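Below is model.cif, holding mmCIF, C-alpha atoms and all ligand atoms.
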data_run
#
loop_
_atom_site.label_atom_id
_atom_site.label_comp_id
_atom_site.auth_asym_id
_atom_site.auth_seq_id
_atom_site.Cartn_x
_atom_site.Cartn_y
_atom_site.Cartn_z
CA MET A 1 -34.40 -30.87 -8.22
CA LYS A 2 -32.17 -28.07 -9.39
CA GLU A 3 -29.01 -27.71 -7.34
CA SER A 4 -29.73 -24.06 -6.62
CA ALA A 5 -33.08 -25.05 -5.16
CA MET A 6 -31.36 -27.66 -3.02
CA ILE A 7 -28.91 -25.28 -1.41
CA GLY A 8 -31.67 -22.68 -1.05
CA ASP A 9 -33.86 -25.21 0.75
CA LEU A 10 -30.93 -26.27 2.90
CA ILE A 11 -30.13 -22.73 4.02
CA TYR A 12 -33.86 -22.15 4.59
CA GLU A 13 -33.95 -25.15 6.91
CA LEU A 14 -30.74 -24.40 8.78
CA VAL A 15 -31.54 -20.76 9.54
CA GLN A 16 -34.55 -21.91 11.53
CA ILE A 17 -32.56 -23.95 14.05
CA PRO A 18 -31.64 -21.93 17.12
CA GLY A 19 -27.88 -21.95 17.73
CA PRO A 20 -26.94 -19.24 20.18
CA THR A 21 -23.28 -18.94 21.13
CA GLY A 22 -22.43 -21.65 23.63
CA HIS A 23 -25.61 -23.60 22.85
CA GLU A 24 -24.96 -24.82 19.32
CA SER A 25 -25.88 -28.50 19.78
CA ARG A 26 -29.12 -28.41 17.78
CA VAL A 27 -27.30 -27.04 14.74
CA ALA A 28 -24.37 -29.44 15.24
CA ASN A 29 -26.70 -32.44 15.46
CA ARG A 30 -28.60 -31.56 12.31
CA LEU A 31 -25.41 -30.89 10.41
CA LYS A 32 -24.07 -34.24 11.60
CA GLU A 33 -27.10 -35.99 10.11
CA LEU A 34 -26.64 -34.15 6.83
CA LEU A 35 -22.90 -34.81 6.55
CA GLU A 36 -22.78 -38.37 7.81
CA GLU A 37 -23.33 -40.21 4.54
CA HIS A 38 -20.65 -38.20 2.73
CA VAL A 39 -17.70 -38.65 5.12
CA ASP A 40 -15.64 -41.42 6.70
CA GLU A 41 -15.61 -40.15 10.26
CA ILE A 42 -17.76 -37.71 12.15
CA ARG A 43 -17.98 -36.65 15.78
CA ILE A 44 -18.88 -33.79 18.06
CA ASP A 45 -16.06 -32.93 20.47
CA LYS A 46 -16.41 -32.04 24.15
CA MET A 47 -16.56 -28.34 23.35
CA GLY A 48 -19.42 -28.89 20.89
CA ASN A 49 -17.51 -28.55 17.60
CA LEU A 50 -18.57 -30.84 14.78
CA ILE A 51 -15.63 -32.53 13.11
CA ALA A 52 -16.07 -34.65 9.98
CA ARG A 53 -13.30 -36.18 7.91
CA LYS A 54 -13.19 -37.55 4.43
CA LYS A 55 -10.04 -39.59 4.02
CA GLY A 56 -7.74 -38.93 1.11
CA THR A 57 -5.97 -41.55 -0.96
CA GLU A 58 -2.56 -40.18 0.02
CA GLY A 59 -3.50 -38.72 3.36
CA LYS A 60 -0.26 -36.78 3.67
CA HIS A 61 -1.91 -33.40 3.90
CA SER A 62 -5.19 -32.06 5.07
CA LEU A 63 -7.58 -29.26 4.23
CA ALA A 64 -10.10 -28.00 6.75
CA VAL A 65 -13.22 -26.21 5.58
CA VAL A 66 -14.78 -24.40 8.48
CA ALA A 67 -18.08 -22.68 9.19
CA HIS A 68 -19.39 -21.49 12.52
CA LEU A 69 -22.49 -23.00 14.04
CA ASP A 70 -23.48 -20.16 16.32
CA GLN A 71 -25.36 -16.97 15.67
CA VAL A 72 -25.37 -13.58 17.36
CA THR A 73 -26.94 -13.99 20.74
CA MET A 74 -28.40 -12.09 23.65
CA ALA A 75 -28.60 -13.30 27.22
CA VAL A 76 -31.05 -12.92 30.08
CA LEU A 77 -29.81 -10.66 32.89
CA LYS A 78 -32.84 -10.48 35.17
CA VAL A 79 -36.40 -11.74 35.29
CA ASP A 80 -39.33 -10.01 36.97
CA GLU A 81 -42.62 -9.32 35.29
CA PHE A 82 -40.50 -8.93 32.18
CA VAL A 83 -37.16 -10.25 30.96
CA TRP A 84 -34.19 -7.87 30.97
CA PHE A 85 -31.28 -8.75 28.74
CA ASP A 86 -27.93 -7.83 27.25
CA LYS A 87 -26.18 -8.73 24.02
CA LEU A 88 -23.20 -10.87 23.12
CA GLY A 89 -21.44 -10.02 19.91
CA TRP A 90 -22.35 -7.57 17.22
CA ILE A 91 -25.88 -6.37 17.78
CA ASP A 92 -27.18 -2.86 17.34
CA PHE A 93 -29.82 -2.26 20.02
CA ARG A 94 -31.58 0.25 17.78
CA THR A 95 -32.69 -2.60 15.51
CA LEU A 96 -34.40 -4.57 18.26
CA PRO A 97 -37.74 -3.04 19.31
CA GLY A 98 -40.64 -5.15 18.10
CA ILE A 99 -38.46 -8.13 17.15
CA PRO A 100 -39.74 -11.62 18.05
CA VAL A 101 -37.20 -13.62 20.03
CA LEU A 102 -36.80 -17.10 21.45
CA ILE A 103 -35.35 -17.68 24.91
CA LEU A 104 -33.78 -21.10 25.35
CA GLY A 105 -34.81 -21.91 28.91
CA GLU A 106 -33.56 -25.02 30.66
CA GLU A 107 -36.98 -26.71 30.58
CA ARG A 108 -38.41 -25.27 27.40
CA ASP A 109 -38.06 -22.62 24.71
CA VAL A 110 -39.94 -19.43 25.53
CA PRO A 111 -41.08 -17.05 22.78
CA GLY A 112 -41.09 -13.34 23.50
CA VAL A 113 -41.15 -9.90 21.94
CA VAL A 114 -38.66 -7.08 22.48
CA CYS A 115 -40.49 -4.05 23.84
CA SER A 116 -39.61 -0.42 24.34
CA THR A 117 -41.52 2.52 25.73
CA SER A 118 -44.16 3.69 23.32
CA ALA A 119 -43.39 6.84 21.38
CA HIS A 120 -46.62 8.17 22.92
CA PHE A 121 -44.76 8.47 26.21
CA GLU A 122 -41.11 8.80 25.38
CA ALA A 123 -39.17 9.81 22.31
CA GLY A 124 -35.53 9.20 21.46
CA SER A 125 -33.36 6.26 20.54
CA ASP A 126 -31.91 5.46 23.97
CA LYS A 127 -35.11 4.07 25.44
CA PRO A 128 -34.80 0.98 27.62
CA LEU A 129 -35.61 -2.38 26.08
CA TRP A 130 -37.06 -5.48 27.68
CA ILE A 131 -38.73 -8.71 26.59
CA ASP A 132 -42.36 -9.57 27.19
CA VAL A 133 -42.85 -13.34 27.63
CA GLY A 134 -46.46 -13.22 28.77
CA GLU A 135 -47.02 -15.53 31.73
CA ARG A 136 -44.02 -17.80 31.17
CA GLN A 137 -41.47 -16.03 33.37
CA LYS A 138 -40.97 -19.17 35.46
CA TYR A 139 -39.27 -20.91 32.53
CA VAL A 140 -36.69 -18.14 32.15
CA SER A 141 -33.52 -17.71 34.23
CA PRO A 142 -30.59 -15.30 34.21
CA GLY A 143 -27.98 -16.55 31.75
CA ASP A 144 -30.43 -18.17 29.35
CA PRO A 145 -29.51 -17.44 25.73
CA ILE A 146 -31.84 -15.47 23.46
CA VAL A 147 -31.95 -15.58 19.66
CA PHE A 148 -33.97 -13.69 17.08
CA ALA A 149 -37.05 -15.59 16.04
CA THR A 150 -37.92 -13.70 12.87
CA PRO A 151 -38.99 -16.38 10.35
CA PRO A 152 -36.99 -16.61 7.11
CA GLN A 153 -38.62 -15.02 4.10
CA TRP A 154 -38.06 -15.39 0.38
CA LEU A 155 -37.95 -11.92 -1.09
CA ASP A 156 -38.66 -12.99 -4.65
CA ASP A 157 -41.04 -15.42 -6.31
CA LYS A 158 -38.24 -17.57 -7.72
CA LYS A 159 -36.92 -18.18 -4.22
CA THR A 160 -33.41 -16.95 -4.86
CA LEU A 161 -33.14 -14.15 -2.32
CA LEU A 162 -33.55 -15.19 1.29
CA ALA A 163 -33.80 -12.94 4.34
CA SER A 164 -33.15 -14.27 7.84
CA PRO A 165 -31.37 -13.28 11.04
CA SER A 166 -29.05 -16.29 10.99
CA ILE A 167 -27.73 -16.41 7.44
CA ASP A 168 -24.45 -15.69 9.22
CA ASP A 169 -23.26 -18.43 9.23
CA ARG A 170 -25.80 -21.05 8.24
CA ALA A 171 -24.84 -20.11 4.70
CA GLY A 172 -21.35 -21.41 5.52
CA CYS A 173 -22.82 -24.54 7.16
CA SER A 174 -24.76 -25.21 3.95
CA VAL A 175 -21.53 -24.87 1.97
CA LEU A 176 -19.98 -27.63 4.12
CA VAL A 177 -22.82 -30.02 3.29
CA GLU A 178 -22.86 -29.11 -0.38
CA LEU A 179 -19.10 -29.45 -0.67
CA ALA A 180 -19.07 -32.83 1.06
CA ARG A 181 -21.80 -34.00 -1.28
CA ARG A 182 -19.93 -32.89 -4.39
CA LEU A 183 -16.41 -33.99 -3.49
CA PRO A 184 -15.02 -36.92 -5.46
CA GLU A 185 -15.35 -40.28 -3.77
CA LYS A 186 -11.69 -40.24 -2.79
CA PRO A 187 -9.94 -36.90 -2.68
CA ARG A 188 -6.15 -36.94 -2.77
CA HIS A 189 -5.71 -35.50 0.68
CA ASP A 190 -7.83 -35.59 3.82
CA VAL A 191 -10.64 -33.07 3.90
CA TYR A 192 -12.17 -31.96 7.20
CA PHE A 193 -15.59 -30.35 7.40
CA ILE A 194 -15.78 -28.45 10.65
CA GLY A 195 -18.65 -26.65 12.34
CA THR A 196 -17.28 -24.51 15.17
CA VAL A 197 -18.81 -23.11 18.33
CA GLN A 198 -18.46 -19.68 19.92
CA GLU A 199 -17.34 -17.79 16.85
CA GLU A 200 -19.39 -14.73 17.61
CA ILE A 201 -17.50 -14.05 20.82
CA GLY A 202 -13.99 -14.63 19.55
CA GLY A 203 -13.64 -17.75 17.44
CA TYR A 204 -12.94 -20.04 20.39
CA GLY A 205 -14.18 -23.26 18.81
CA MET A 206 -12.09 -22.67 15.73
CA ARG A 207 -8.95 -22.00 17.74
CA HIS A 208 -9.42 -25.18 19.73
CA VAL A 209 -10.12 -27.46 16.78
CA LEU A 210 -7.36 -26.19 14.57
CA ARG A 211 -4.76 -26.45 17.28
CA LYS A 212 -5.75 -30.06 17.70
CA LEU A 213 -6.02 -31.06 14.06
CA GLN A 214 -3.18 -28.96 12.67
CA PRO A 215 -4.47 -29.00 9.09
CA ASP A 216 -2.19 -27.81 6.31
CA TRP A 217 -4.79 -25.54 4.80
CA VAL A 218 -7.88 -23.86 6.13
CA ILE A 219 -10.76 -22.31 4.31
CA ALA A 220 -13.20 -20.44 6.51
CA THR A 221 -16.56 -19.80 4.96
CA ASP A 222 -18.65 -16.96 6.20
CA THR A 223 -20.72 -14.03 5.06
CA GLY A 224 -19.67 -10.48 4.31
CA PHE A 225 -21.17 -7.18 3.28
CA ALA A 226 -21.95 -7.01 -0.41
CA GLU A 227 -21.78 -3.67 -2.15
CA ASP A 228 -25.51 -3.34 -2.52
CA ALA A 229 -26.14 -4.14 1.13
CA VAL A 230 -24.81 -1.02 2.72
CA PRO A 231 -25.66 2.56 1.81
CA ASP A 232 -22.02 3.57 2.30
CA ALA A 233 -20.50 1.39 -0.37
CA LYS A 234 -16.96 2.24 0.73
CA LYS A 235 -17.46 0.09 3.80
CA ALA A 236 -18.65 -2.86 1.77
CA PHE A 237 -16.95 -5.22 -0.60
CA PRO A 238 -17.25 -4.37 -4.25
CA LEU A 239 -18.82 -7.69 -4.96
CA ARG A 240 -22.44 -8.65 -5.42
CA GLU A 241 -21.83 -12.29 -5.89
CA GLY A 242 -18.83 -14.44 -6.39
CA LEU A 243 -15.84 -15.53 -4.46
CA GLY A 244 -13.77 -13.32 -2.22
CA VAL A 245 -10.77 -13.39 0.03
CA ILE A 246 -10.57 -11.06 2.97
CA ARG A 247 -7.63 -9.14 4.17
CA LEU A 248 -8.03 -7.73 7.60
CA SER A 249 -7.48 -4.25 8.77
CA PHE A 250 -6.65 -4.15 12.46
CA THR A 251 -6.75 -1.66 15.19
CA GLN A 252 -4.99 -2.30 18.45
CA PRO A 253 -7.58 -3.09 21.08
CA GLY A 254 -7.31 -1.19 24.35
CA GLY A 255 -4.68 1.35 25.23
CA GLY A 256 -5.84 3.77 22.63
CA VAL A 257 -2.93 3.06 20.33
CA LEU A 258 -4.20 2.76 16.87
CA TYR A 259 -2.34 1.12 14.10
CA PRO A 260 -4.50 0.61 11.13
CA ALA A 261 -2.68 -2.25 9.54
CA THR A 262 -3.96 -4.31 6.73
CA VAL A 263 -2.79 -7.84 7.03
CA ASN A 264 -3.29 -10.53 4.53
CA PHE A 265 -3.26 -13.77 6.42
CA ALA A 266 -4.55 -15.64 3.47
CA SER A 267 -2.04 -17.99 1.99
CA PRO A 268 -0.84 -16.48 -1.29
CA ARG A 269 -0.76 -19.96 -2.79
CA LEU A 270 -4.27 -20.84 -1.76
CA GLN A 271 -5.48 -17.43 -2.80
CA LYS A 272 -3.96 -17.90 -6.25
CA LEU A 273 -5.48 -21.36 -6.59
CA LEU A 274 -8.90 -19.96 -5.78
CA GLY A 275 -8.46 -17.00 -8.09
CA ASP A 276 -7.37 -19.26 -10.94
CA ALA A 277 -10.29 -21.61 -10.35
CA ALA A 278 -12.72 -18.68 -10.29
CA LYS A 279 -11.30 -17.41 -13.57
CA ARG A 280 -11.61 -20.81 -15.18
CA LEU A 281 -15.24 -21.08 -14.11
CA GLY A 282 -16.13 -17.48 -14.89
CA ILE A 283 -16.89 -16.64 -11.27
CA PRO A 284 -16.40 -13.06 -10.05
CA PHE A 285 -13.44 -12.94 -7.66
CA GLY A 286 -11.96 -10.29 -5.45
CA VAL A 287 -9.62 -9.64 -2.55
CA PHE A 288 -10.96 -7.15 -0.08
CA THR A 289 -10.09 -5.39 3.11
CA ALA A 290 -12.35 -5.61 6.12
CA THR A 291 -12.08 -3.83 9.40
CA ASN A 292 -12.69 -6.80 11.56
CA SER A 293 -13.90 -10.29 11.75
CA SER A 294 -14.69 -12.37 14.73
CA CYS A 295 -12.18 -15.00 13.74
CA VAL A 296 -9.44 -12.61 13.06
CA PHE A 297 -7.26 -13.11 15.98
CA PHE A 298 -6.27 -16.47 14.87
CA LEU A 299 -7.30 -17.28 11.48
CA LEU A 300 -9.36 -15.20 9.45
CA SER A 301 -12.14 -15.76 7.37
CA HIS A 302 -14.79 -14.29 5.50
CA ILE A 303 -16.61 -12.93 2.73
CA ILE A 304 -18.72 -13.43 0.19
CA SER A 305 -21.49 -13.92 -2.00
CA SER A 306 -24.10 -13.12 0.39
CA GLN A 307 -25.82 -10.55 -1.55
CA ALA A 308 -27.72 -8.60 0.83
CA ALA A 309 -30.45 -6.39 1.22
CA ARG A 310 -31.83 -3.32 -0.16
CA ARG A 311 -30.88 -0.10 1.32
CA ARG A 312 -33.40 0.06 4.07
CA ARG A 313 -32.82 -3.46 5.17
CA PRO A 314 -30.07 -3.64 7.75
CA PRO A 315 -27.27 -5.95 6.74
CA ARG A 316 -26.62 -7.00 10.31
CA PRO A 317 -29.11 -8.55 12.64
CA PRO A 318 -31.96 -8.70 12.94
CA THR A 319 -32.00 -9.55 9.28
CA SER A 320 -29.65 -10.06 6.41
CA THR A 321 -30.24 -11.60 3.04
CA ILE A 322 -28.47 -13.96 0.69
CA ARG A 323 -28.70 -14.94 -2.94
CA THR A 324 -28.98 -18.65 -3.32
CA HIS A 325 -29.49 -19.00 -7.03
CA ARG A 326 -25.88 -19.68 -7.93
CA PRO A 327 -24.75 -22.06 -5.26
CA ARG A 328 -21.29 -22.56 -6.63
CA TYR A 329 -20.67 -18.92 -5.87
CA THR A 330 -21.47 -19.14 -2.24
CA ALA A 331 -19.16 -18.26 0.47
CA HIS A 332 -15.70 -19.67 0.22
CA VAL A 333 -12.81 -17.89 1.67
CA PRO A 334 -9.29 -18.97 2.00
CA ALA A 335 -7.53 -18.47 5.19
CA SER A 336 -4.53 -20.03 6.70
CA ARG A 337 -2.43 -19.78 9.70
CA PRO A 338 0.66 -17.85 8.84
CA GLY A 339 3.56 -20.13 8.29
CA LEU A 340 1.64 -23.30 7.72
CA ALA A 341 0.12 -22.99 4.34
CA ASP A 342 3.00 -22.13 2.14
ZN ZN B 401 -20.01 -15.17 10.68
#

Now that the file is in, can you turn its structure into structure tokens?
Amino acid sequence: MKESAMIGDLIYELVQIPGPTGHESRVANRLKELLEEHVDEIRIDKMGNLIARKKGTEGKHSLAVVAHLDQVTMAVLKVDEFVWFDKLGWIDFRTLPGIPVLILGEERDVPGVVCSTSAHFEAGSDKPLWIDVGERQKYVSPGDPIVFATPPQWLDDKKTLLASPSIDDRAGCSVLVELARRLPEKPRHDVYFIGTVQEEIGGYGMRHVLRKLQPDWVIATDTGFAEDAVPDAKKAFPLREGLGVIRLSFTQPGGGVLYPATVNFASPRLQKLLGDAAKRLGIPFGVFTATNSSCVFFLLSHIISSQAARRRRPPRPPTSTIRTHRPRYTAHVPASRPGLAD
């Protein structure tokens, strides 16, 4: 099988596993099965993070490659004849009406559909939204997580362009598996493959794991907005495919004080290594500025070769798209904790 087909099939499989923030175990377990044969140690910690290690011959240093297991999530607020809900993380409510969802109830998963008042009765974009679960209300409780249940779709006959709500960050999870599979039998230094929980609400899993492991280098792999994904290209990265490093542009939260500061947390050394490698292999490479990232506070992450959507297709949930035909170009981004990597 061609390697591009393999990573395409892998992403296709992983995007279908529900992994709402705080309930990532199904994704972690599947990833554990996929990584097991390629690493020396693997475990899931008490918080739910998946931590795999391939031992190096020298073992003096360590590199952690990280992807997050969770996806943007909503949560049940109240249940009566219908299910009333709110969002966690970056979701635009305007994209939701008509979307199929899955509620992860304690006893069973419950499918539903997001409803809004028909335009026959009420116009406007601020209409209330609720979820219709038919007669299965008894399986749903306040606090239950909700994920989008839109099935993945190939948008071309060659199966290179995939659309799904959870490409962020199952694309990164696929990179972990692919990288573990391709690494030499014995790398020089230890390599960790880490799937983290609770990224979408602030990168909590990542913070916890990295404080514990104290790796020398970190590469976070995630998705970003490609230039052809967003009508306003200035807000996107001038990259359709390839390898990118993100610099972050901050604003001070709360207090109203705004300091737009662009900070490059990425290790200059690691960034140069990646840039040189990209050049050698003829891979497009860029360093970009983004306005935020859920991991920012601590580490950073992001970008890449997710090539997304056509103009009318929203790049954020409920659906984004990714090119899978050149797997070596997928989603790598260097990041490091300031002070450690250089
Ligand atoms: Zn992400």

**Report entry** Contacts of ligand ZN 401 (chain B), 6 Å or closer, all atoms listed in the file, given as a list in words
**Finding:** Asp168, Asp169, Asp222 and Thr223 of chain A

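Using all atoms listed in the file, the nearest neighbour of Arg26 of chain A within the list A:Val175, A:Val101, A:Ile7, A:Leu14 is A:Leu14.
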
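Each of A:Arg53, A:Arg170, A:Arg94, A:His208 was compared to Asp190 of chain A using all atoms listed in the file, and A:Arg53 turns out to be the nearest.
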
Report task. Just the residues within 7 Å of Asn49 of chain A, please, counting all atoms listed in the file, with nothing from its chain fewer than 3 positions along; format it as a list of chain:residue names. Result -> A:Ile44, A:Asp45, A:Gly195, A:Thr196, A:Val197, A:Gly205

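What separates atom CA of Trp217 of chain A from atom CA of His61 of chain A is a distance of 8.4 Å.
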
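Of the listed residues (A:Leu273, A:Val140, A:Leu213, A:Leu162), A:Val140 comes nearest to Asp80 of chain A; the distances count only C-alpha atoms.
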
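As for atom CA of Thr95 of chain A and atom CA of Val110 of chain A, they are spaced 20.9 Å apart.
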
Query raised in the report: Which residues, written as an MDAnalysis selection string, have at least one atom at most 10 Å from segment 104-106 of chain A, with only C-alpha atoms counted and residues fewer than 3 positions away on the same chain left out?
Result: chainID A and resid 18:20 23 75:76 101 109:111 137:147

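For the pair atom CA of Val79 of chain A and atom CA of Leu129 of chain A, the separation is 13.2 Å.
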
Draw an axis-aligned box over all listed atoms of segment 201-217 of chain A, pad each side with 3 Å, and write its centre and edge lengths in Å, one decimal, as lines of an AutoDock Vina configuration file.
center_x = -9.8
center_y = -22.6
center_z = 12.8
size_x = 21.3
size_y = 23.0
size_z = 22.0

Requested in this report: Pull the neighbourhood of (-36.5, -25.3, 3.9) for me: all residues within 12 Å in file coordinates, counting only C-alpha atoms, as an MDAnalysis selection string.
Outcome: chainID A and resid 5:17 151:154 159 162 174

Requested in this report: For Glu36 of chain A, work out the shell of residues within 10 Å, counting all atoms listed in the file and skipping chain neighbours fewer than 4 positions away, then give it as a list in words.
Outcome: Leu31, Lys32, Asp40, Glu41, Ile42, Arg43, Ala52, Arg53, Val177 and Ala180 of chain A
